[in-house]
file final10.pdb (PDB, C-alpha atoms and all ligand atoms)
ATOM      1  CA  MET A   1    -248.182 -97.632  31.344
ATOM      2  CA  ILE A   2    -246.706 -96.346  28.089
ATOM      3  CA  ALA A   3    -242.929 -96.144  28.249
ATOM      4  CA  GLN A   4    -241.429 -92.748  27.607
ATOM      5  CA  VAL A   5    -239.326 -92.477  24.462
ATOM      6  CA  VAL A   6    -236.199 -90.434  25.085
ATOM      7  CA  PRO A   7    -233.668 -89.223  22.492
ATOM      8  CA  VAL A   8    -230.070 -89.996  23.389
ATOM      9  CA  LEU A   9    -226.621 -89.172  22.070
ATOM     10  CA  LEU A  10    -223.880 -91.789  22.379
ATOM     11  CA  ALA A  11    -220.162 -91.387  21.636
ATOM     12  CA  PHE A  12    -217.867 -94.172  20.444
ATOM     13  CA  GLY A  13    -214.092 -94.406  20.447
ATOM     14  CA  ALA A  14    -211.544 -97.119  19.663
ATOM     15  CA  ASN A  15    -207.780 -96.976  19.240
ATOM     16  CA  LEU A  16    -206.703-100.603  19.208
ATOM     17  CA  GLY A  17    -207.503-103.564  16.994
ATOM     18  CA  ASP A  18    -209.774-103.208  13.984
ATOM     19  CA  ARG A  19    -211.257 -99.991  15.217
ATOM     20  CA  GLY A  20    -213.878 -99.455  12.516
ATOM     21  CA  GLU A  21    -215.050-103.054  12.701
ATOM     22  CA  THR A  22    -215.335-102.919  16.484
ATOM     23  CA  ILE A  23    -217.379 -99.729  16.464
ATOM     24  CA  SER A  24    -219.522-100.957  13.600
ATOM     25  CA  HIS A  25    -220.354-104.229  15.387
ATOM     26  CA  ALA A  26    -221.087-102.424  18.633
ATOM     27  CA  GLN A  27    -223.418-100.059  16.797
ATOM     28  CA  GLU A  28    -225.198-102.945  15.102
ATOM     29  CA  GLU A  29    -225.805-104.578  18.480
ATOM     30  CA  LEU A  30    -227.126-101.349  19.928
ATOM     31  CA  ALA A  31    -229.417-100.799  16.947
ATOM     32  CA  GLN A  32    -230.877-104.266  17.555
ATOM     33  CA  THR A  33    -231.247-103.926  21.318
ATOM     34  CA  PRO A  34    -234.856-104.046  22.546
ATOM     35  CA  GLY A  35    -235.818-100.601  23.813
ATOM     36  CA  ILE A  36    -233.545 -98.782  21.346
ATOM     37  CA  THR A  37    -234.970 -97.451  18.077
ATOM     38  CA  GLY A  38    -234.061 -94.997  15.336
ATOM     39  CA  PHE A  39    -230.357 -95.682  15.706
ATOM     40  CA  GLN A  40    -228.441 -93.318  13.453
ATOM     41  CA  ALA A  41    -224.644 -93.429  13.389
ATOM     42  CA  SER A  42    -222.379 -90.616  12.255
ATOM     43  CA  PRO A  43    -219.453 -91.128   9.929
ATOM     44  CA  LEU A  44    -216.296 -92.013  11.846
ATOM     45  CA  ARG A  45    -213.422 -89.565  12.230
ATOM     46  CA  GLU A  46    -209.819 -90.158  13.223
ATOM     47  CA  THR A  47    -208.227 -88.288  16.098
ATOM     48  CA  ILE A  48    -204.975 -88.132  18.001
ATOM     49  CA  ALA A  49    -205.195 -89.958  21.328
ATOM     50  CA  LEU A  50    -206.059 -87.749  24.262
ATOM     51  CA  THR A  51    -204.273 -88.836  27.436
ATOM     52  CA  THR A  52    -204.194 -87.423  30.939
ATOM     53  CA  GLU A  53    -201.034 -85.599  29.785
ATOM     54  CA  GLY A  54    -202.857 -84.087  26.777
ATOM     55  CA  PRO A  55    -202.821 -85.130  23.099
ATOM     56  CA  ASP A  56    -200.256 -87.883  22.394
ATOM     57  CA  PRO A  57    -199.267 -88.072  18.703
ATOM     58  CA  ASP A  58    -197.229 -91.240  19.393
ATOM     59  CA  ALA A  59    -200.160 -93.228  20.769
ATOM     60  CA  PRO A  60    -202.350 -95.249  18.376
ATOM     61  CA  ARG A  61    -204.916 -92.924  16.860
ATOM     62  CA  TYR A  62    -208.594 -93.149  17.674
ATOM     63  CA  LEU A  63    -211.558 -93.619  15.467
ATOM     64  CA  ASN A  64    -214.482 -91.725  16.931
ATOM     65  CA  GLY A  65    -218.105 -91.283  16.084
ATOM     66  CA  VAL A  66    -221.453 -90.575  17.677
ATOM     67  CA  ALA A  67    -224.948 -91.948  17.267
ATOM     68  CA  LEU A  68    -228.404 -90.594  17.876
ATOM     69  CA  ALA A  69    -231.125 -92.969  18.967
ATOM     70  CA  GLN A  70    -234.346 -93.124  20.899
ATOM     71  CA  THR A  71    -234.827 -95.326  23.898
ATOM     72  CA  THR A  72    -237.406 -96.523  26.376
ATOM     73  CA  LEU A  73    -234.590 -97.784  28.623
ATOM     74  CA  SER A  74    -233.791 -95.855  31.775
ATOM     75  CA  PRO A  75    -230.371 -94.116  31.829
ATOM     76  CA  HIS A  76    -228.890 -96.861  34.021
ATOM     77  CA  GLU A  77    -230.414 -99.649  31.944
ATOM     78  CA  LEU A  78    -228.859 -98.008  28.897
ATOM     79  CA  LEU A  79    -225.497 -97.717  30.668
ATOM     80  CA  ASP A  80    -225.737-101.444  31.496
ATOM     81  CA  VAL A  81    -226.224-102.178  27.787
ATOM     82  CA  LEU A  82    -223.291 -99.941  26.805
ATOM     83  CA  GLN A  83    -221.009-101.533  29.371
ATOM     84  CA  ARG A  84    -222.053-105.040  28.328
ATOM     85  CA  ILE A  85    -221.182-104.222  24.722
ATOM     86  CA  GLU A  86    -217.922-102.572  25.811
ATOM     87  CA  ARG A  87    -217.010-105.702  27.729
ATOM     88  CA  ARG A  88    -217.858-107.940  24.768
ATOM     89  CA  HIS A  89    -215.873-105.901  22.258
ATOM     90  CA  GLY A  90    -213.793-103.682  24.395
ATOM     91  CA  ARG A  91    -210.877-105.778  25.469
ATOM     92  CA  VAL A  92    -208.379-107.932  23.670
ATOM     93  CA  ARG A  93    -207.310-111.006  25.525
ATOM     94  CA  ASP A  94    -203.642-111.901  25.316
ATOM     95  CA  THR A  95    -201.631-112.943  28.343
ATOM     96  CA  GLN A  96    -203.782-110.818  30.567
ATOM     97  CA  TRP A  97    -206.491-108.226  30.218
ATOM     98  CA  GLY A  98    -205.211-105.975  27.485
ATOM     99  CA  ASP A  99    -205.988-102.427  26.472
ATOM    100  CA  ARG A 100    -209.518-101.327  26.048
ATOM    101  CA  THR A 101    -210.488-101.279  22.398
ATOM    102  CA  LEU A 102    -213.894 -99.692  22.742
ATOM    103  CA  ASP A 103    -215.305 -96.829  24.764
ATOM    104  CA  ILE A 104    -218.970 -95.872  24.652
ATOM    105  CA  ASP A 105    -220.163 -92.795  26.513
ATOM    106  CA  LEU A 106    -223.686 -91.597  27.145
ATOM    107  CA  ILE A 107    -223.460 -87.921  26.214
ATOM    108  CA  LEU A 108    -227.100 -86.872  26.508
ATOM    109  CA  TYR A 109    -230.238 -88.559  27.760
ATOM    110  CA  GLY A 110    -233.036 -86.281  26.606
ATOM    111  CA  GLY A 111    -232.879 -83.135  28.702
ATOM    112  CA  LYS A 112    -232.147 -85.030  31.883
ATOM    113  CA  VAL A 113    -229.353 -84.099  34.278
ATOM    114  CA  ILE A 114    -227.884 -87.057  36.159
ATOM    115  CA  ALA A 115    -225.089 -87.026  38.690
ATOM    116  CA  ASP A 116    -224.675 -90.183  40.707
ATOM    117  CA  GLU A 117    -221.962 -92.722  41.394
ATOM    118  CA  ARG A 118    -222.407 -94.388  37.979
ATOM    119  CA  LEU A 119    -223.507 -91.644  35.628
ATOM    120  CA  THR A 120    -222.814 -88.010  34.867
ATOM    121  CA  VAL A 121    -225.115 -86.726  32.121
ATOM    122  CA  PRO A 122    -224.758 -84.527  30.123
ATOM    123  CA  HIS A 123    -221.236 -85.891  29.765
ATOM    124  CA  PRO A 124    -219.089 -83.307  31.590
ATOM    125  CA  ARG A 125    -216.409 -83.064  28.904
ATOM    126  CA  ALA A 126    -218.480 -83.323  25.715
ATOM    127  CA  HIS A 127    -218.316 -79.578  25.081
ATOM    128  CA  GLU A 128    -214.515 -79.644  24.854
ATOM    129  CA  ARG A 129    -214.145 -82.767  22.698
ATOM    130  CA  ASP A 130    -213.912 -82.183  18.961
ATOM    131  CA  PHE A 131    -214.218 -85.938  18.434
ATOM    132  CA  VAL A 132    -217.729 -85.756  19.894
ATOM    133  CA  LEU A 133    -218.826 -82.401  18.489
ATOM    134  CA  SER A 134    -217.514 -82.883  14.953
ATOM    135  CA  PRO A 135    -219.259 -86.186  14.140
ATOM    136  CA  TRP A 136    -222.389 -84.901  15.903
ATOM    137  CA  LEU A 137    -222.447 -81.982  13.460
ATOM    138  CA  ASP A 138    -222.182 -84.480  10.615
ATOM    139  CA  LEU A 139    -225.471 -85.944  11.813
ATOM    140  CA  ASP A 140    -227.161 -82.730  12.851
ATOM    141  CA  PRO A 141    -225.794 -79.377  11.636
ATOM    142  CA  ASN A 142    -228.182 -77.585  14.028
ATOM    143  CA  ALA A 143    -227.163 -79.554  17.113
ATOM    144  CA  VAL A 144    -227.294 -77.794  20.477
ATOM    145  CA  LEU A 145    -225.503 -79.114  23.569
ATOM    146  CA  MET A 146    -227.601 -78.351  26.614
ATOM    147  CA  GLY A 147    -225.862 -75.957  28.955
ATOM    148  CA  HIS A 148    -223.283 -74.981  26.318
ATOM    149  CA  GLY A 149    -225.048 -73.823  23.165
ATOM    150  CA  ARG A 150    -224.715 -74.423  19.458
ATOM    151  CA  VAL A 151    -222.309 -77.217  18.586
ATOM    152  CA  THR A 152    -221.058 -75.408  15.510
ATOM    153  CA  GLU A 153    -219.928 -72.492  17.709
ATOM    154  CA  LEU A 154    -218.404 -74.762  20.364
ATOM    155  CA  LEU A 155    -216.400 -76.545  17.677
ATOM    156  CA  GLN A 156    -215.251 -73.263  16.170
ATOM    157  CA  ARG A 157    -214.043 -72.179  19.591
ATOM    158  CA  ILE A 158    -212.000 -75.309  20.376
ATOM    159  CA  GLY A 159    -210.942 -76.088  16.782
ATOM    160  CA  ASP A 160    -211.547 -79.321  14.922
ATOM    161  CA  THR A 161    -208.510 -81.614  14.761
ATOM    162  CA  THR A 162    -210.493 -84.651  13.584
ATOM    163  CA  LEU A 163    -210.001 -86.161  10.144
ATOM    164  CA  PRO A 164    -212.795 -87.708   8.107
ATOM    165  CA  LEU A 165    -212.539 -91.033   6.355
ATOM    166  CA  ASP A 166    -212.169 -90.777   2.587
ATOM    167  CA  ASP A 167    -215.078 -90.358   0.178
ATOM    168  CA  SER A 168    -215.808 -94.062  -0.025
ATOM    169  CA  GLY A 169    -215.902 -94.332   3.748
ATOM    170  CA  ALA A 170    -212.794 -96.496   3.650
ATOM    171  CA  TYR A 171    -210.046 -96.076   6.178
ATOM    172  CA  HIS A 172    -206.545 -96.774   4.883
ATOM    173  CA  GLY A 173    -205.347 -98.415   8.055
ATOM    174  CA  ASP A 174    -202.018 -96.607   8.117
ATOM    175  CA  GLY A 175    -203.183 -93.256   9.371
ATOM    176  CA  SER A 176    -203.457 -91.819   5.845
ATOM    177  CA  PHE A 177    -206.560 -90.729   4.042
ATOM    178  CA  SER A 178    -207.266 -90.003   0.415
ATOM    179  CA  GLY A 179    -210.154 -87.727   1.291
ATOM    180  CA  GLY A 180    -208.119 -84.713   2.443
ATOM    181  CA  GLU A 181    -209.971 -82.146   4.485
ATOM    182  CA  GLY A 182    -213.427 -82.946   5.734
ATOM    183  CA  ASN A 183    -216.432 -82.471   3.513
ATOM    184  CA  ARG A 184    -219.536 -83.035   5.570
ATOM    185  CA  ASP A 185    -221.682 -83.323   2.428
ATOM    186  CA  GLN A 186    -219.721 -86.371   1.318
ATOM    187  CA  ALA A 187    -219.647 -88.055   4.685
ATOM    188  CA  THR A 188    -220.566 -91.715   4.575
ATOM    189  CA  ALA A 189    -222.181 -93.671   7.387
ATOM    190  CA  PRO A 190    -220.140 -96.631   8.614
ATOM    191  CA  THR A 191    -221.179-100.029   7.321
ATOM    192  CA  GLY A 192    -223.371-101.971   9.661
ATOM    193  CA  ALA A 193    -225.010 -98.884  11.084
ATOM    194  CA  ALA A 194    -228.765 -98.894  11.052
ATOM    195  CA  ALA A 195    -230.578 -96.757   8.535
ATOM    196  CA  PRO A 196    -231.355 -93.209   9.616
ATOM    197  CA  THR A 197    -234.884 -92.552  10.721
ATOM    198  CA  GLY A 198    -234.793 -88.791  10.906
ATOM    199  CA  SER A 199    -232.516 -86.788  13.084
ATOM    200  CA  ALA A 200    -233.500 -85.147  16.322
ATOM    201  CA  SER A 201    -230.726 -84.316  18.724
ATOM    202  CA  PRO A 202    -231.511 -85.146  22.350
ATOM    203  CA  ALA A 203    -231.392 -81.606  23.638
ATOM    204  CA  ALA A 204    -233.589 -80.354  20.815
ATOM    205  CA  PRO A 205    -236.191 -83.065  20.638
ATOM    206  CA  THR A 206    -239.210 -83.124  18.374
ATOM    207  CA  GLY A 207    -242.576 -84.824  18.742
ATOM    208  CA  ALA A 208    -242.414 -88.152  20.549
ATOM    209  CA  ALA A 209    -238.783 -87.572  21.478
ATOM    210  CA  ALA A 210    -239.660 -85.263  24.338
ATOM    211  CA  PRO A 211    -237.186 -84.862  27.161
ATOM    212  CA  THR A 212    -237.953 -86.415  30.504
ATOM    213  CA  ALA A 213    -239.658 -84.478  33.260
ATOM    214  CA  ASN A 214    -236.510 -83.822  35.236
ATOM    215  CA  VAL A 215    -235.177 -81.118  32.935
ATOM    216  CA  ARG A 216    -232.822 -78.315  33.738
ATOM    217  CA  ALA A 217    -229.872 -76.848  31.947
ATOM    218  CA  SER A 218    -226.493 -78.017  33.142
ATOM    219  CA  GLN A 219    -224.023 -75.381  34.249
TER     220      GLN A 219
HETATM  221  P1  LIG A 301    -214.586 -94.486  30.878
HETATM  222  O1  LIG A 301    -214.196 -95.888  30.565
HETATM  223  O2  LIG A 301    -213.440 -93.570  31.047
HETATM  224  O3  LIG A 301    -215.610 -93.978  29.893
HETATM  225  O4  LIG A 301    -215.314 -94.517  32.290
HETATM  226  C1  LIG A 301    -216.252 -95.485  32.593
HETATM  227  C2  LIG A 301    -216.885 -95.126  33.916
HETATM  228  O5  LIG A 301    -217.499 -93.860  33.822
HETATM  229  C3  LIG A 301    -217.961 -96.107  34.310
HETATM  230  O6  LIG A 301    -217.703 -96.509  35.630
HETATM  231  C4  LIG A 301    -219.262 -95.328  34.261
HETATM  232  O7  LIG A 301    -220.136 -95.715  35.301
HETATM  233  C5  LIG A 301    -218.774 -93.906  34.419
HETATM  234  N1  LIG A 301    -219.595 -92.881  33.750
HETATM  235  C6  LIG A 301    -220.025 -91.735  34.340
HETATM  236  N2  LIG A 301    -220.739 -91.002  33.483
HETATM  237  C7  LIG A 301    -220.755 -91.674  32.309
HETATM  238  C8  LIG A 301    -221.355 -91.411  31.045
HETATM  239  N3  LIG A 301    -222.054 -90.291  30.819
HETATM  240  N4  LIG A 301    -221.179 -92.328  30.048
HETATM  241  C9  LIG A 301    -220.454 -93.453  30.283
HETATM  242  N5  LIG A 301    -219.876 -93.770  31.467
HETATM  243  C10 LIG A 301    -220.027 -92.886  32.467
END
call {"tool": "encode", "arguments": {"input": "final10.pdb", "output": "C-alpha cells"}}
result
Amino acid sequence: MIAQVVPVLLAFGANLGDRGETISHAQEELAQTPGITGFQASPLRETIALTTEGPDPDAPRYLNGVALAQTTLSPHELLDVLQRIERRHGRVRDTQWGDRTLDIDLILYGGKVIADERLTVPHPRAHERDFVLSPWLDLDPNAVLMGHGRVTELLQRIGDTTLPLDDSGAYHGDGSFSGGEGNRDQATAPTGAAAPTGSASPAAPTGAAAPTANVRASQ
C-alpha cells in the first residue's frame, strides 16, 4: 500500500535557555525524521509570554516560529515524534525538572479534524495566536486556516505583536533587535532548518499533498 502524504503545519516556541538553538536543533531532527519530507521552517519571531493570566511582559520572552512539512506518519505517530523531541530538548535539568524550554504543537494535519484524548487538530487556539499566524504568513502569504479563513485577515483582526529577528537573522539575546519593524521580504530562515521545497499550506494543499479522506471544516 502506498502511504498517503499529508501536509502539516507545526508551531514551535521556547522561552528559556538558548531559544533559537533549541528550536533550530529540534527542527533539524524533524527534517531528518523518516516519514517527514519537505520541511520548511519560517523565520523566528519574538513575543511576550502568554500566561493563563494573559500576556506577561515580565516573563522571559518567547521565540516562536512555524514549519510546513509533508508526512506519511499518522497524526499520533507525528505527535509521538514531537513529544520525543520536546522531551529531549524541552527541559533543563537542575535540581529537579525545570521549566519547559520547547513546545511543539501540531496545528494542522492536512484537512483532518481530530478530537481525542491526545490530540485536538486543527489546534483550537491557532486562530487567535499572532505568534503562529505571523510566521506562517512569512512562509505562505496566501495561507488559509481551515474553519477560520485567510491568515492575513485573522492577523489583521487580532493585531501582530511579534517582532522579527534582524536582517541577518541574528537575535541580540537581550530582547533588542536592530531590524526594527518586520519586513517579510527580508525574513531569514533560521540556521539548521532544511531547505525549502516549495510551499503548500496544509489546508490548501496542492498535488500529492492532498488532505486525508476525513475532511470537514472545523467550527
Ligand atoms: P502543551 O504542552 O501545552 O502544548 O500541551 C501538551 C498536551 O497537549 C499533550 O498532552 C498533547 O497530547 C496535547 N495536545 C492536544 N492537541 C495537541 C496538538 N494539536 N498539538 C500538540 N499537543 C496537543
call {"tool": "atom_distance", "arguments": {"input": "final10.pdb", "atom1": "atom P1 of ligand LIG 301 (chain A)", "atom2": "atom CA of A:Asp105"}}
result
7.3 Å
call {"tool": "closest_residue", "arguments": {"input": "final10.pdb", "among": "A:Gly147, A:Gly13, A:Pro55, A:Pro7", "to": "A:Ala26", "atoms": "only C-alpha atoms"}}
result
A:Gly13
call {"tool": "closest_atom_pairs", "arguments": {"input": "final10.pdb", "of": "stretch 42-87 of chain A", "to": "stretch 108-111 of chain A", "cutoff": "12 Å", "atoms": "all atoms listed in the file", "output": "CSV"}}
result
residue,atom,partner,partner_atom,distance
A:Val66,CA,A:Leu108,CA,11.1
A:Ala67,CA,A:Leu108,CA,10.8
A:Leu68,CA,A:Leu108,CA,9.5
A:Ala69,CA,A:Tyr109,CA,9.9
A:Gln70,CA,A:Gly110,CA,9.0
A:Thr71,CA,A:Tyr109,CA,9.0
A:Thr72,CA,A:Tyr109,CA,10.8
A:Leu73,CA,A:Tyr109,CA,10.2
A:Ser74,CA,A:Tyr109,CA,9.1
A:Pro75,CA,A:Tyr109,CA,6.9
A:His76,CA,A:Tyr109,CA,10.5
A:Glu77,CA,A:Tyr109,CA,11.9
A:Leu78,CA,A:Tyr109,CA,9.6
A:Leu79,CA,A:Tyr109,CA,10.7
call {"tool": "residues_near_ligand", "arguments": {"input": "final10.pdb", "ligand": "ligand LIG 301 (chain A)", "cutoff": "7 Å", "atoms": "only C-alpha atoms and all ligand atoms", "output": "list in words"}}
result
Leu79, Asp103, Ile104, Asp105, Leu106, Ile107, Arg118, Leu119, Thr120, Val121, Pro122 and His123 of chain A
call {"tool": "closest_residue", "arguments": {"input": "final10.pdb", "among": "A:Ser134, A:Thr162, A:Ser24, A:Gln83", "to": "A:Arg61", "atoms": "all atoms listed in the file"}}
result
A:Thr162
call {"tool": "atom_distance", "arguments": {"input": "final10.pdb", "atom1": "atom CA of A:Ile114", "atom2": "atom CA of A:Val132"}}
result
19.2 Å
call {"tool": "residues_around", "arguments": {"input": "final10.pdb", "residues": "stretch 149-157 of chain A", "least_positions_apart": "3", "cutoff": "12 Å", "atoms": "only C-alpha atoms", "output": "tab-separated table (two decimals) with C-alpha atoms, keeping the file's coordinate frame"}}
result
chain	number	residue	atom	x	y	z
A	126	ALA	CA	-218.48	-83.32	25.72
A	127	HIS	CA	-218.32	-79.58	25.08
A	128	GLU	CA	-214.52	-79.64	24.85
A	129	ARG	CA	-214.14	-82.77	22.70
A	130	ASP	CA	-213.91	-82.18	18.96
A	131	PHE	CA	-214.22	-85.94	18.43
A	132	VAL	CA	-217.73	-85.76	19.89
A	133	LEU	CA	-218.83	-82.40	18.49
A	134	SER	CA	-217.51	-82.88	14.95
A	135	PRO	CA	-219.26	-86.19	14.14
A	136	TRP	CA	-222.39	-84.90	15.90
A	137	LEU	CA	-222.45	-81.98	13.46
A	138	ASP	CA	-222.18	-84.48	10.62
A	139	LEU	CA	-225.47	-85.94	11.81
A	140	ASP	CA	-227.16	-82.73	12.85
A	141	PRO	CA	-225.79	-79.38	11.64
A	142	ASN	CA	-228.18	-77.58	14.03
A	143	ALA	CA	-227.16	-79.55	17.11
A	144	VAL	CA	-227.29	-77.79	20.48
A	145	LEU	CA	-225.50	-79.11	23.57
A	146	MET	CA	-227.60	-78.35	26.61
A	160	ASP	CA	-211.55	-79.32	14.92
A	161	THR	CA	-208.51	-81.61	14.76
A	162	THR	CA	-210.49	-84.65	13.58
A	201	SER	CA	-230.73	-84.32	18.72
A	203	ALA	CA	-231.39	-81.61	23.64
A	204	ALA	CA	-233.59	-80.35	20.82
A	217	ALA	CA	-229.87	-76.85	31.95
A	218	SER	CA	-226.49	-78.02	33.14
A	219	GLN	CA	-224.02	-75.38	34.25
call {"tool": "closest_residue", "arguments": {"input": "final10.pdb", "among": "A:Leu163, A:Leu63, A:Ser42, A:Pro57", "to": "A:Leu9", "atoms": "all atoms listed in the file"}}
result
A:Ser42
call {"tool": "closest_residue", "arguments": {"input": "final10.pdb", "among": "A:Ala14, A:Leu44, A:Ile158, A:Val6", "to": "A:Glu86", "atoms": "only C-alpha atoms"}}
result
A:Ala14
call {"tool": "closest_residue", "arguments": {"input": "final10.pdb", "among": "A:Ala11, A:Val113, A:Met1, A:Ile85", "to": "A:Pro43", "atoms": "all atoms listed in the file"}}
result
A:Ala11
call {"tool": "resolve_selection", "arguments": {"input": "final10.pdb", "expression": "the PyMOL selection byres (((chain A and resi 59) around 12) and not hetatm)", "output": "CSV table (one decimal) with C-alpha atoms, in the frame of the given file"}}
result
chain,number,residue,atom,x,y,z
A,15,ASN,CA,-207.8,-97.0,19.2
A,16,LEU,CA,-206.7,-100.6,19.2
A,47,THR,CA,-208.2,-88.3,16.1
A,48,ILE,CA,-205.0,-88.1,18.0
A,49,ALA,CA,-205.2,-90.0,21.3
A,50,LEU,CA,-206.1,-87.7,24.3
A,51,THR,CA,-204.3,-88.8,27.4
A,53,GLU,CA,-201.0,-85.6,29.8
A,54,GLY,CA,-202.9,-84.1,26.8
A,55,PRO,CA,-202.8,-85.1,23.1
A,56,ASP,CA,-200.3,-87.9,22.4
A,57,PRO,CA,-199.3,-88.1,18.7
A,58,ASP,CA,-197.2,-91.2,19.4
A,60,PRO,CA,-202.4,-95.2,18.4
A,61,ARG,CA,-204.9,-92.9,16.9
A,62,TYR,CA,-208.6,-93.1,17.7
A,175,GLY,CA,-203.2,-93.3,9.4
call {"tool": "atom_distance", "arguments": {"input": "final10.pdb", "atom1": "atom CA of A:Val81", "atom2": "atom CA of A:Pro164"}}
result
27.9 Å
call {"tool": "resolve_selection", "arguments": {"input": "final10.pdb", "expression": "the PyMOL selection byres (((chain A and resi 37) around 12) and not hetatm)", "output": "NGL selection string"}}
result
:A and (5-8 or 27-36 or 38-40 or 67-73 or 194-198 or 209)
